[in-house]
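Here the structure comes first, spelled out in C-alpha cells, and everything after it is commentary.
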2 protein chains.
Amino acid sequence: MELLSQVLERIKPREEDYRELNEVRLYLLELVKSSSEELGLEVKPYFVGSLEKDTFLRGDHDIDLFLAFPLDTPLEVLREKGLELAKRIAEDLDRYEVAYAEHPYVRAYYKGFQVDLVPCYDVRDWRDVKTAVDRSILHTRWVLENLSGRNDEVRLFKKFLKGINAYGSEIYVRGFSGYLAEILVIKFGSFLEVLEKHDFMLRQKVIDPGNWLKREPEIAMKTVKREIEEDKPLVVIDPVDPRRNVAANLSWERYGLFYFNAKKFLENPSQEFFFPRVTPGNYLNELKRKGTHLLTLLFNPPDIVDDLLLPQVEKTAKGLARQLELEGFKVLGIDYGRNFIFLEVDRLERPIVSIKRGPLYFSSHGLRFYARNERVWIEGKDLYSEKPTEGWIVDVLEKILKSGMFSAGKQVKKAVQEADILVDYVPRSLRKDAYLFLSRMKFRIK
Amino acid sequence: MELLSQVLERIKPREEDYRELNEVRLYLLELVKSSSEELGLEVKPYFVGSLEKDTFLRGDHDIDLFLAFPLDTPLEVLREKGLELAKRIAEDLDRYEVAYAEHPYVRAYYKGFQVDLVPCYDVRDWRDVKTAVDRSILHTRWVLENLSGRNDEVRLFKKFLKGINAYGSEIYVRGFSGYLAEILVIKFGSFLEVLEKHDFMLRQKVIDPGNWLKREPEIAMKTVKREIEEDKPLVVIDPVDPRRNVAANLSWERYGLFYFNAKKFLENPSQEFFFPRVTPGNYLNELKRKGTHLLTLLFNPPDIVDDLLLPQVEKTAKGLARQLELEGFKVLGIDYGRNFIFLEVDRLERPIVSIKRGPLYFSSHGLRFYARNERVWIEGKDLYSEKPTEGWIVDVLEKILKSGMFSAGKQVKKAVQEADILVDYVPRSLRKDAYLFLSRMKFRIK
C-alpha cells in the first residue's frame with residue numbers, strides 16, 4: 001500500500017540514528033565492563049526493548065540496559081550492588097537520577113539518549129524469573145527469534161496505536177504495550193492483518209503464540225481462566241511465561257479505540273490515523289455546550305508509584321461519586337490523575353430540605369419515627385419527614401469528605417479529604433485533561 | 001369530661017335552630033303535597049341526612065328532602081317527572097338551580113337553608129336500591145333506630161373530624177362521612193370510645209354493625225374480599241346494604257390524621273382539636289424554605305362532576321410526574337384540583353445534552369448505534385452517545401404535553417395538553433392550596 005510506504009518514510013529511523021545508537025551502545029558496554037570489574041561484580045549486560053529489537057520509531061531515544069546478576073545472588077545484594085553499579089556507570093554519562101519501580105534503578109542521560117540502567121537476574125526461562133523486570137531479557141530474545149524481518153510492520157502498528165491514542169501499557173493509559181504489538185504482528189503476519197483481526201481477536205479471546213496450552217496445559221489454563229474471570233478483553237499468553245497475560249493491562253476502552261479505528265482504516269485508509277491533527281478545545285466551552293458542571297478535587301498525593309497510586313485514586317473517585325449520587329446529584333463522568341479527581345455533575349444545587357420516607361404509620365416503628373422527627377406527614381400508609389440540609393454541592397462534598405464515609409484507597413484517603421474543591425474551573429495544568437474528559441475525546445470514536 | 005361539655009356548648013344547635021327548622025320542614029311538606037297533586041304524581045317525601053337524624057352541628061343548614069317514587073316507576077319517568085316536581089316545589093322557595101349527580105336534582109335556597117330536592121325510589125330494603133341516592137332513606141332510618149340518644153357523641157366526633165381535617169367523603173377529601181361517624185359511635189358507644197379504638201379498628205379491619213356476615217354471608221364476604229383487595233383502611237359493611245363498604249372512600253391519609261390525632265387527644269385533650277387555630281402561611285416562603293420549585297398547570301376542565309373529573313386529573317398528574325422523572329427531574333410531590341395540577345420539583349434546569357447508553361461496542365447493535373449517532377464514545381464495553389436537549393423544565397414539560405406520551409384521564413387529557421404552565425407562582429385563587437401542598441400541612445401530623 002502506497003500509503004504505508006509514505007508513513008514508513010516518516011517513522012523509520014535513519015542510517016545516522018543507527019550509527020549514533022551503536023556508538024552509545026559500545027560505550028555503554030565498555031562502561032559496564034570496567035565498572036563491574038572495578039566493583040568486583042560478575043554482571044552480564046543485556047540491551048532490551050525496542051531499540052534492541054529494532055522496532056523503535058524515529059526519535060525514540062530510550063535505551064534499556066539491563067545488568068544481569070547470577071541467579072544465586074541474594075535479592076538484597078542484587079538491590080544494593082545493582083544500584084551501586086548502575087550509579088558507577090552513570091557517573092560517566094551526562095547526568096542521572098535514581099528511580100524506583102519494584103526495585104531501584106538508575107535513569108541516566110547521554111548524548112540525547114535516555115538510558116535506563118536496570119539491575120536484574122540473568123534468567124534463562126520463566127522458572128528463573130524473580131522480579132518483574134527479569135522477563136525483559138526473555139521478551140527481547142523471543143521477539144528477535146520470531147520477528148523474521150517484519151520490523152516495519154511493527155513500526156506501522158505502533159505508530160497507528162499512538163495516533164489513535166491506544167499505545168502504552170502504563171497504568172494511566174492501559175493501552176497496547178510495545179511487546180503486545182510485536183506479538184500480534186508476529187502472530188497475524190503484518191500490520192494490515194492485525195487490523196483485519198480486530199473483531200476476530202476479541203471473539204477468539206485467547207492468543208497463545210508460545211503454544212503453552214500444549215506445553216504447559218495446567219499452568220496456561222489457570223492463566224486463561226483467571227484472566228477471563230477478570231473480564232479482560234484479550235488473553236495473550238506470554239510466549240516466554242505461561243503464567244502471564246501480556247494484555248493484562250489492556251482496558252476495554254483502549255481496545256475499543258483500536259476496534260473502531262481498525263475498521264475505519266480498512267474502509268477508508270488515510271495518514272490521519274498515524275498523524276492525527278490535534279485541535280485542542282476549551283473545557284469552559286464544553287461546560288457551556290453541555291450545561292453540566294465540573295468539580296475538581298486537587299490534592300497532594302503520597303509519594304508512591306503510579307501503579308499503586310492511580311488505582312487508589314480511581315477507587316476514591318468512584319466512592320465520592322457514589323456518595324454524591326446518594327445525595328441526589330447525578331455524576332455524569334469521572335476522571336482522575338496523580339493529584340486530581342474530576343467529577344462531572346448535572347447541577348450545583350439541590351433542595352435545602354431532605355425528605356425521608358419513614359415506616360407504616362400504624363406500626364411501632366411508625367410511632368418511633370413520629371416521636372423522633374420534627375415535621376411529619378402522611379403519604380399513603382407511610383410517614384414522611386423532612387429536615388434542613390446543605391443545598392450547595394461543595395458543602396455536600398465537604399461534608400462527605402469530612403465524615404470519611406466513602407469508599408477510598410487507603411493511602412490517598414487522607415490527602416483527598418484535605419483536597420481543595422474547585423467548581424467549573426481548573427488550574428492551567430489541568431485544562432487539557434479537563435477538555436479531554438468533558439468532551440469525552442479521550443475515548444471518542446466518532 | 002368537662003372539656004367535652006364546653007365543646008358541646010359551642011356546637012349543639014339551639015332551641016331556635018330547631019324551631020326554624022321545623023317551620024321550614026312543615027312548609028316543604030305542604031309544598032310536596034300540593035305540587036305532586038298538581039302534577040298528578042304519587043310521591044312520598046322523606047327528610048334524610050343529619051338534620052333528620054339530629055346529628056347536625058350548629059350552623060349546618062343543609063336540608064335533604066327526598067322525593068320517593070313508587071318502585072315500579074320507570075327510571076326515565078322518575079328522572080323527568082322527579083325533576084319537574086322538584087322544580088315546581090323550588091319555585092315557591094327563594095331561588096334554585098338544577099344540579100347533577102347520578103341523575104339531576106334541584107338545589108334550592110330558602111330562609112337561609114340550602115334545600116336539596118332529590119328524586120329517588122321509595123325503597124324498603126337494599127334489594128330495592130336502584131340508584132345511589134336511594135339508600136339515604138334506609139341510612140336515616142337505621143341511624144334513628146340505633147342511635148339511642150347518643151346524638152351529642154356523634155356531634156363531638158364529627159366536630160373533631162372537621163377540626164383535624166378528616167371529615168367529608170367527597171372525592172377531593174376522601175375522609176369520614178357523617179354516616180360513617182354515626183355508625184362508629186353506635187358501634188363503639190361514645191366519642192371517646194371511638195377515639196380509643198383508633199388502632200384496634202384498623203387491625204380488626206372489618207366492622208359489621210348490621211350483622212351481615214351472619215345474615216348474608218356470601219354477599220358480605222364478597223364485599224369484604226373486594227375491599228381488602230383494594231387495600232382500604234376500613235371495611236364497614238353498610239348495615240342497610242351488605243354490598244357496600246361505608247368507608248370505601250376513606251383514604252389512608254385521612255385515616256392517618258384520625259389515627260394520630262385520636263392518640264394525641266387521648267394523651268393530652270384540648271379544645272384545639274375541635275377549633276384549630278389556622279395560621280395560613282405563604283407558599284412563596286415555603287418554596288424559599290425548601291429550595292424547591294412549583295410547577296402549576298392551569299387548564300379548563302370539561303364540565304363533568306368531581307367524582308368523574310378528579311380521578312382523571314390525578315391520573316394525569318401522576319402521568320406527567322412519571323415523565324418528568326424519566327427526564328431527570330425529581331418530583332417531590334403532586335396535588336391537583338378541578339382546574340389545576342401542582343408538581344413540586346427539585347430544580348428548574350438540567351444539562352442541555354442528554355446522554356444515551358448504547359449496546360456493547362463489539363456487537364452488531366454496537367455498529368448500528370455507531371452508524372446512527374453523531375457523537376459516540378466508549379465507557380467500559382459500552383458505547384455512549386449524547387445529543388442536545390431542552391434544559392429548561394417548562395420546555396421539557398411542553399414537549400411532553402405536545403407529544404401526548406403520558407398516562408392521563410381520557411376526558412381531561414386535551415385540556416391539560418393546552419394548560420398554561422406557571423413556575424414558582426400561582427394565581428390568587430390557588431395561594432392557599434399551594435401553601436397547604438408545599439408545607440405538607442394537608443396531611444401533617446406533627
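Residue numbers start at 1 in each chain; chains themselves are named A, B, ... in the order of the C-alpha cells; ligands are numbered from 1 in the order shown.
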
Would you return as a PyMOL selection string the members of segment 232-290 of chain B that DSSP assigns to alpha helix (DSSP H) on this structure's backbone?
chain B and resi 252-267+283-290

DSSP strand (DSSP E or B) residues within segment 394-430 of chain B, listed as number ranges by chain
B: 420-423

Need to verify the contact set: segment 96-105 of chain A, 9 Å, only C-alpha atoms, exclusion of same-chain residues closer than 4 positions in sequence. Can you return it as a PyMOL selection string?
chain A and resi 79-80+82-83+86-87+90-91+109+115-119+131-133+305

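With distances restricted to only C-alpha atoms, B:Val426 is the closest residue to Leu294 of chain B from B:Val224, B:Leu326, B:Ala321, B:Val426.
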
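Proximity to chain A at a cut-off of 6 Å picks out B:Trp252, B:Glu253, B:Lys290, B:Gly291, B:Thr292, B:Asp346, B:Pro351, B:Ile352, B:Val353, B:Arg375, B:Val376, B:Trp377, B:Ile378, B:Gly380, B:Lys381, B:Phe443, B:Arg444, B:Ile445, B:Lys446 on chain B, counting only C-alpha atoms.
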
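Residues surrounding segment 40-52 of chain A within 6 Å are Ser36, Phe56, Asp64, Leu65, Phe66, Leu67, Ala68, Phe69 and Thr140 of chain A [only C-alpha atoms; sequence separation below 4 positions excluded].
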
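Near segment 271-278 of chain B, within 8 Å and counting only C-alpha atoms, sit Leu3, Val7, Lys159, Phe160, Leu161, Lys162, Gly163, Ile164, Asn261 and Phe265 of chain B; same-chain residues fewer than 5 positions away were not included.
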
Tell me which protein, DNA and RNA residues are within 7 Å of Val154 of chain A, counting only C-alpha atoms, leaving out same-chain ones fewer than 3 positions away, and put them as a ChimeraX atom specification.
/A:55,150-151,157-158,181-182,185,191

Any chance you can output those residues with N, CA and C atoms as a CSV table (one decimal), in the first residue's frame?
```csv
chain,number,residue,atom,x,y,z
A,55,THR,N,12.5,-2.3,16.6
A,55,THR,CA,11.1,-2.0,16.3
A,55,THR,C,10.8,-0.6,16.8
A,150,ARG,N,9.9,-8.6,10.0
A,150,ARG,CA,8.7,-7.8,9.9
A,150,ARG,C,8.7,-6.5,10.8
A,151,ASN,N,9.9,-6.0,11.0
A,151,ASN,CA,10.2,-4.9,11.9
A,151,ASN,C,9.3,-3.7,11.5
A,157,PHE,N,2.3,-0.5,13.1
A,157,PHE,CA,1.3,-0.8,14.0
A,157,PHE,C,1.4,0.1,15.3
A,158,LYS,N,2.7,0.2,15.8
A,158,LYS,CA,2.9,1.0,16.9
A,158,LYS,C,2.5,2.5,16.7
A,181,ALA,N,2.2,-5.4,20.8
A,181,ALA,CA,2.1,-5.0,19.3
A,181,ALA,C,3.0,-6.0,18.5
A,182,GLU,N,4.2,-6.3,19.1
A,182,GLU,CA,5.1,-7.2,18.3
A,182,GLU,C,4.5,-8.6,18.2
A,185,VAL,N,1.8,-8.7,15.6
A,185,VAL,CA,2.3,-8.7,14.2
A,185,VAL,C,2.9,-10.1,13.9
A,191,PHE,N,0.9,-5.6,9.6
A,191,PHE,CA,0.1,-4.5,10.2
A,191,PHE,C,-1.3,-4.7,9.8
```

Rounded to one decimal place, report the atom CA of Phe342 of chain A-atom CA of Gly168 of chain A distance in Å.
22.4 Å

Pairwise distance for atom CA of Gly59 of chain B and atom CA of Asn249 of chain B, rounded to one decimal in Å
25.7 Å

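The gap separating atom CA of Leu180 of chain B from atom CA of Thr223 of chain B is 16.6 Å, in Å to one decimal.
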
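Nearest-residue note for Glu314 of chain B: choosing from B:Asn268, B:Asn165, B:Ser407, B:Asn245, the minimum distance belongs to B:Ser407, counting only C-alpha atoms.
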
With a distance cut-off of 12 Å and only C-alpha atoms, select the neighbouring residues of Lys197 of chain A, excluding the residue or stretch itself and same-chain residues fewer than 3 positions from it, and output the selection as number ranges by chain.
A: 184-185, 187-194, 200-205, 207, 258-260, 262-263, 266

Preceding selection exported with N, CA, C and O atoms as a PDB file, in the first residue's frame:
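Final file, part-v4.pdb:
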```pdb
ATOM      1  N   LEU A 184       1.419  -9.456  18.241  1.00  0.00           N
ATOM      2  CA  LEU A 184       0.277  -9.516  17.322  1.00  0.00           C
ATOM      3  C   LEU A 184       0.744  -9.527  15.864  1.00  0.00           C
ATOM      4  O   LEU A 184       0.193 -10.255  15.038  1.00  0.00           O
ATOM      5  N   VAL A 185       1.784  -8.725  15.573  1.00  0.00           N
ATOM      6  CA  VAL A 185       2.311  -8.733  14.201  1.00  0.00           C
ATOM      7  C   VAL A 185       2.916 -10.104  13.881  1.00  0.00           C
ATOM      8  O   VAL A 185       2.700 -10.665  12.803  1.00  0.00           O
ATOM      9  N   LYS A 187       2.085 -12.911  15.219  1.00  0.00           N
ATOM     10  CA  LYS A 187       1.008 -13.894  15.161  1.00  0.00           C
ATOM     11  C   LYS A 187       0.218 -13.799  13.851  1.00  0.00           C
ATOM     12  O   LYS A 187      -0.088 -14.808  13.215  1.00  0.00           O
ATOM     13  N   PHE A 188      -0.134 -12.564  13.448  1.00  0.00           N
ATOM     14  CA  PHE A 188      -1.038 -12.421  12.304  1.00  0.00           C
ATOM     15  C   PHE A 188      -0.326 -12.040  11.008  1.00  0.00           C
ATOM     16  O   PHE A 188      -0.946 -12.021   9.954  1.00  0.00           O
ATOM     17  N   GLY A 189       0.969 -11.696  11.092  1.00  0.00           N
ATOM     18  CA  GLY A 189       1.745 -11.584   9.859  1.00  0.00           C
ATOM     19  C   GLY A 189       2.093 -10.189   9.404  1.00  0.00           C
ATOM     20  O   GLY A 189       3.143  -9.984   8.823  1.00  0.00           O
ATOM     21  N   SER A 190       1.204  -9.235   9.624  1.00  0.00           N
ATOM     22  CA  SER A 190       1.503  -7.881   9.150  1.00  0.00           C
ATOM     23  C   SER A 190       0.597  -6.878   9.852  1.00  0.00           C
ATOM     24  O   SER A 190      -0.379  -7.251  10.500  1.00  0.00           O
ATOM     25  N   PHE A 191       0.948  -5.617   9.650  1.00  0.00           N
ATOM     26  CA  PHE A 191       0.127  -4.538  10.206  1.00  0.00           C
ATOM     27  C   PHE A 191      -1.330  -4.675   9.764  1.00  0.00           C
ATOM     28  O   PHE A 191      -2.254  -4.688  10.574  1.00  0.00           O
ATOM     29  N   LEU A 192      -1.539  -4.798   8.432  1.00  0.00           N
ATOM     30  CA  LEU A 192      -2.911  -4.845   7.930  1.00  0.00           C
ATOM     31  C   LEU A 192      -3.643  -6.092   8.415  1.00  0.00           C
ATOM     32  O   LEU A 192      -4.840  -6.043   8.719  1.00  0.00           O
ATOM     33  N   GLU A 193      -2.925  -7.187   8.539  1.00  0.00           N
ATOM     34  CA  GLU A 193      -3.600  -8.399   9.005  1.00  0.00           C
ATOM     35  C   GLU A 193      -4.004  -8.290  10.472  1.00  0.00           C
ATOM     36  O   GLU A 193      -5.036  -8.816  10.876  1.00  0.00           O
ATOM     37  N   VAL A 194      -3.199  -7.590  11.253  1.00  0.00           N
ATOM     38  CA  VAL A 194      -3.601  -7.365  12.652  1.00  0.00           C
ATOM     39  C   VAL A 194      -4.890  -6.537  12.682  1.00  0.00           C
ATOM     40  O   VAL A 194      -5.845  -6.849  13.395  1.00  0.00           O
ATOM     41  N   PHE A 200     -12.193 -10.588  15.131  1.00  0.00           N
ATOM     42  CA  PHE A 200     -11.842 -11.997  15.330  1.00  0.00           C
ATOM     43  C   PHE A 200     -11.088 -12.221  16.646  1.00  0.00           C
ATOM     44  O   PHE A 200     -11.396 -13.113  17.429  1.00  0.00           O
ATOM     45  N   MET A 201     -10.094 -11.360  16.866  1.00  0.00           N
ATOM     46  CA  MET A 201      -9.238 -11.446  18.047  1.00  0.00           C
ATOM     47  C   MET A 201     -10.058 -11.433  19.342  1.00  0.00           C
ATOM     48  O   MET A 201      -9.832 -12.209  20.259  1.00  0.00           O
ATOM     49  N   LEU A 202     -11.030 -10.520  19.358  1.00  0.00           N
ATOM     50  CA  LEU A 202     -11.859 -10.354  20.547  1.00  0.00           C
ATOM     51  C   LEU A 202     -12.704 -11.606  20.787  1.00  0.00           C
ATOM     52  O   LEU A 202     -12.937 -12.007  21.921  1.00  0.00           O
ATOM     53  N   ARG A 203     -13.168 -12.210  19.686  1.00  0.00           N
ATOM     54  CA  ARG A 203     -14.027 -13.385  19.814  1.00  0.00           C
ATOM     55  C   ARG A 203     -13.226 -14.633  20.136  1.00  0.00           C
ATOM     56  O   ARG A 203     -13.668 -15.487  20.887  1.00  0.00           O
ATOM     57  N   GLN A 204     -12.033 -14.703  19.537  1.00  0.00           N
ATOM     58  CA  GLN A 204     -11.185 -15.857  19.842  1.00  0.00           C
ATOM     59  C   GLN A 204     -10.688 -15.748  21.277  1.00  0.00           C
ATOM     60  O   GLN A 204     -10.474 -16.737  21.950  1.00  0.00           O
ATOM     61  N   LYS A 205     -10.497 -14.517  21.709  1.00  0.00           N
ATOM     62  CA  LYS A 205     -10.154 -14.188  23.107  1.00  0.00           C
ATOM     63  C   LYS A 205      -8.747 -14.624  23.502  1.00  0.00           C
ATOM     64  O   LYS A 205      -7.974 -13.820  24.001  1.00  0.00           O
ATOM     65  N   ILE A 207      -4.951 -15.873  22.749  1.00  0.00           N
ATOM     66  CA  ILE A 207      -3.865 -15.973  21.771  1.00  0.00           C
ATOM     67  C   ILE A 207      -2.679 -16.596  22.486  1.00  0.00           C
ATOM     68  O   ILE A 207      -2.305 -16.161  23.571  1.00  0.00           O
ATOM     69  N   PHE A 258      -8.961   0.841  19.292  1.00  0.00           N
ATOM     70  CA  PHE A 258      -8.338   0.046  18.239  1.00  0.00           C
ATOM     71  C   PHE A 258      -9.414  -0.583  17.350  1.00  0.00           C
ATOM     72  O   PHE A 258      -9.338  -0.543  16.120  1.00  0.00           O
ATOM     73  N   TYR A 259     -10.436  -1.128  17.976  1.00  0.00           N
ATOM     74  CA  TYR A 259     -11.509  -1.847  17.270  1.00  0.00           C
ATOM     75  C   TYR A 259     -12.145  -0.975  16.192  1.00  0.00           C
ATOM     76  O   TYR A 259     -12.237  -1.344  15.021  1.00  0.00           O
ATOM     77  N   PHE A 260     -12.552   0.228  16.587  1.00  0.00           N
ATOM     78  CA  PHE A 260     -13.273   1.083  15.630  1.00  0.00           C
ATOM     79  C   PHE A 260     -12.332   1.723  14.616  1.00  0.00           C
ATOM     80  O   PHE A 260     -12.679   1.869  13.451  1.00  0.00           O
ATOM     81  N   ALA A 262      -9.477   0.470  13.556  1.00  0.00           N
ATOM     82  CA  ALA A 262      -9.044  -0.555  12.606  1.00  0.00           C
ATOM     83  C   ALA A 262     -10.093  -0.683  11.502  1.00  0.00           C
ATOM     84  O   ALA A 262      -9.782  -0.665  10.305  1.00  0.00           O
ATOM     85  N   LYS A 263     -11.339  -0.778  11.917  1.00  0.00           N
ATOM     86  CA  LYS A 263     -12.464  -0.860  10.971  1.00  0.00           C
ATOM     87  C   LYS A 263     -12.458   0.342  10.019  1.00  0.00           C
ATOM     88  O   LYS A 263     -12.571   0.199   8.796  1.00  0.00           O
ATOM     89  N   LEU A 266      -9.488   0.355   7.553  1.00  0.00           N
ATOM     90  CA  LEU A 266      -9.617  -0.620   6.466  1.00  0.00           C
ATOM     91  C   LEU A 266     -10.635  -0.148   5.431  1.00  0.00           C
ATOM     92  O   LEU A 266     -10.473  -0.378   4.231  1.00  0.00           O
TER      93      LEU A 266
END
```
